[in-house]
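Participant: Please see the structure below; I have some questions.
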Amino acid sequence: MRSKLLLLVSLGTSLGVGVAPARNSLGAQVVTGRRAPPSMPRPSAQTVELLDMRPPGAAPTGVTATASGPTSVELRWTAPPGAVGYIIYRNTTPLLTQPIAATSYVDHSVVPKSALSYAVAAVYAPTAQWSPGTSAGVRVTTPAGAAPASVRAAWSDAGVVLDWPAAPGASGYLLLRDRHFVTTQPIRATTYTDRGLAAGSYRYQVAAYYGVQGGTEVEGELDHLPAVRVSTPIRGIADTHSHPFANLAAGGFIFWGEAYGPIEKALGSCAPIHGTDGAKDLVGNFKHLTVGHKCGGYPLFEAWPSWNTLTHQQMYSDWIYRAYQGGLRLLVAHAVNNSTLCVAYMTGAGNLGRCDDMQAVNLQLAAAKGMETYIDAQGGGPGKGWFRIAYTPEQARQIIYSGKLAVVLGIEVDQLFGCGVEGGCDDATVDRELDRYYNAGVRHLLPIHLANNGFGGYAHYENLFLINNYVETGKAFDGEPCEAEGYRMPCNTLGLTPLGEHLLTAMMSRGMIIDVNHMSRRSADRALEIAAGRYPVIAGHTGFLGISLSDKKSEGQETDVRLESIRAGGGMVSPILHQGDTTQTAAYRTRWNRTVLNDCGESSNSWAQAYLYAVDHMGGWETATVGIGSDQMLNELIAPRFRQDGHGCAHQARPVQYPFTPLMPGAAPMGQSVAGNRTFDFNLEGLAHYGMLPDFIQDLQNIGLTTYDLEPLFRSAEGYIRMWERATSAASSPHTASAAGPSAP
């Protein structure tokens, strides 16, 4: 580069200037003069441009430009001899107002994804006003701006709270929710609360923005941003153990009534299996010491449904829907069977194949899908019904968010997969059958039920099981005294077998729900050892040894040690609805000093003792998750506190007043349940059918449970799904159903 010096020269006698070249201290040419003779003519003023003709200085060599990040470029060069400083040019524009002495420079004012050209000019004059030596340009492209390394999201009462680590060099951040920008201008903080969200699941990402000269900002990399999913908590109840399709168990000869279909057909007279006078209802008659009952179903419902029936349908679709209206949001529907009872009924019938456990399971799984299809048709077509089977925890969430009931399919039978104590099953059998039933939609399993099987020993809590175990296994029960552990009844000596351990690990690899109920105390303890620290489990319909009395102090009840293990592992528990009378279940006072009177056996009062015990031992009302285990087949439900059958409870107060409003946001007031010609009053009839769950919850409030006490119950649907999510996250090789949907088993 040549420097130029402009000199305005006035030629005249008054100046007497003559011109001769000279150099000043900066090395620039200047003009010196002498006075002209007075006799010379006086010229007019004129401008003379004098060009510096000195050769340019040497330029820096070895100039390199390296992008050291999305917002910075590092320059280096070799100094030429004599240079005293350097000027940096970016895209022909000087970056500096003063030269620098160093032979390196970092430009921090670039933006991601920029194509740039740099040159370095050497300065030789001491005052750095002359820099003739300029290098050739070098080109560099900066990479895309880095996104934050991660993003976290958590739900709070205020909304979804997000936070993330700062991205180096970023000037601000934009948030994306489900790939749409939440913020229209970059924010400077590394945390943000997304407020006012409707119920649902959301996927969040954070994009970094980078500042440049002039105040504009450029986004960083928008592809492959780290993402996090967060779901608004579900408010609602989970029933983690039910049998809507029990009419298909035991060959169809014990339990009467279908769960769906025209009511006059589904819930007609039970005479076809119980006889015209109910005399063939052997189970019900034995339990109640009667010789029969009135069989009239719809529309009279003369004697059933009732809170203490064992053999009549109480989960008809209309009643399940009423339970949904009152807060039920998730239902685990177990296929169930008892081949011993079936054989007793089928003697001489010549078709004992109908008693097979897995045959009964197949029929009930098909019925569950048939009910879904039937209710879809009522709702206007596929997918439009309120009864929806969920195959993943995310599906369960979306079903509930869309205003429907999420249904999870499970199995509870004595000889799961036909694996008896005599062998016949190996690891390959278990893997094959697990895949078969997983593909059929099953996600929740009880490995053991009411008899020993190939997986381990059953929990002995009823002497009738001695007969069942003998019929199922051909062997007598092998028990041992265990009073020192707090049990009154003898405990099963058989624990979990090697095949049982394989079953559990195979279930874990598939993300399935493991239910430890009905396991002997040796089996359950070993199952929890296997799961400890790696996998959640559930006790889906249980009682508690700590409040059990008399012969109820058996290994069928959960111990405090097991409860703590379940809680620590992220699992949950659900007290079975029928907790017995005051001679079987003791009163309980919580650590936050809540108690209700235990003065009415088999009623809301009895269940409240078990519920409070569960809440207390699962973390307290602030954090615990406690569901319901209805278990309506061959089990009584909740007795009325004001019953007029000669066995009522004295001095009861605060009956359920109709209409009442359930503890659900936006719930409509509910009047008495009506079916056919019958109107049901919880005060006098208790939990006569499943649709009276809302009445039962209202009665829990009437006997003294507060809305705070009941929060763990209304967290139970969320708790079950979170447990399921933990299970699928821990799965080593999670399976998925085919795109065409689950297959038939």
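Note on naming: chains are A, B, ... as they come in the structure tokens, residues start from 1 per chain, ligands start from 1 in the order shown.
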Excluding same-chain residues fewer than 2 positions from segment 203-213 of chain A, what lies within 9 Å of it counting only C-alpha atoms, as a VMD selection string?

Facilitator: chain A and resid 70 to 71 109 to 112 145 to 148 150 to 153 162 164 166 to 167 169 to 179 186 201 215 to 222 225 to 231

Participant: If we count only C-alpha atoms and set the cut-off at 8 Å, which residues sit around segment 294-300 of chain A, ignoring sequence neighbours fewer than 6 positions away in its own chain? Please answer as a JSON list (two decimals) with C-alpha atoms, in the first residue's frame.

Facilitator:
[["chain", "number", "residue", "atom", "x", "y", "z"],
["A", 263, "ILE", "CA", -77.69, -55.32, 29.30],
["A", 264, "GLU", "CA", -80.67, -57.62, 29.04],
["A", 267, "LEU", "CA", -76.90, -59.34, 32.94],
["A", 268, "GLY", "CA", -79.94, -61.54, 32.51],
["A", 269, "SER", "CA", -81.01, -64.23, 34.97],
["A", 270, "CYS", "CA", -78.13, -66.33, 36.36],
["A", 271, "ALA", "CA", -80.28, -69.51, 36.15],
["A", 274, "HIS", "CA", -76.74, -71.23, 39.05],
["A", 275, "GLY", "CA", -80.07, -73.00, 38.52],
["A", 276, "THR", "CA", -83.53, -71.47, 38.74],
["A", 277, "ASP", "CA", -83.26, -71.18, 42.51],
["A", 278, "GLY", "CA", -79.52, -70.57, 42.77],
["A", 675, "ALA", "CA", -79.82, -50.13, 36.71],
["A", 676, "GLY", "CA", -83.07, -51.50, 35.36],
["A", 677, "ASN", "CA", -85.70, -51.17, 38.06],
["A", 678, "ARG", "CA", -83.17, -50.91, 40.88]]

Participant: Env of Ala198 of chain A: 10 Å cut, atoms = only C-alpha atoms, seq-sep filter 2 positions within chain, self excluded. Answer as a VMD selection string.

Facilitator: chain A and resid 159 195 to 196 200 to 201 232 401

Participant: Give me every strand (DSSP E) residue in segment 229-264 of chain A, going by DSSP on the backbone, as a list in words.

Facilitator: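 Matching residues for strand (DSSP E) in segment 229-264 of chain A are Arg229, Val230, Ser231, Ile237, Ala238, Asp239, Thr240, His241 and Ser242 of chain A.
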
Participant: Quick check, in Å to one decimal: how far apart do atom CA of Ala189 of chain A and atom CA of Glu74 of chain A lie?

Facilitator: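 Separating atom CA of Ala189 of chain A from atom CA of Glu74 of chain A is a distance of 28.1 Å.
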
Participant: Using only C-alpha atoms, which residues sit within 6 Å of Ala624 of chain A once same-chain residues fewer than 2 positions away are excluded, as number ranges by chain?

Facilitator: A: 615, 618-621, 712
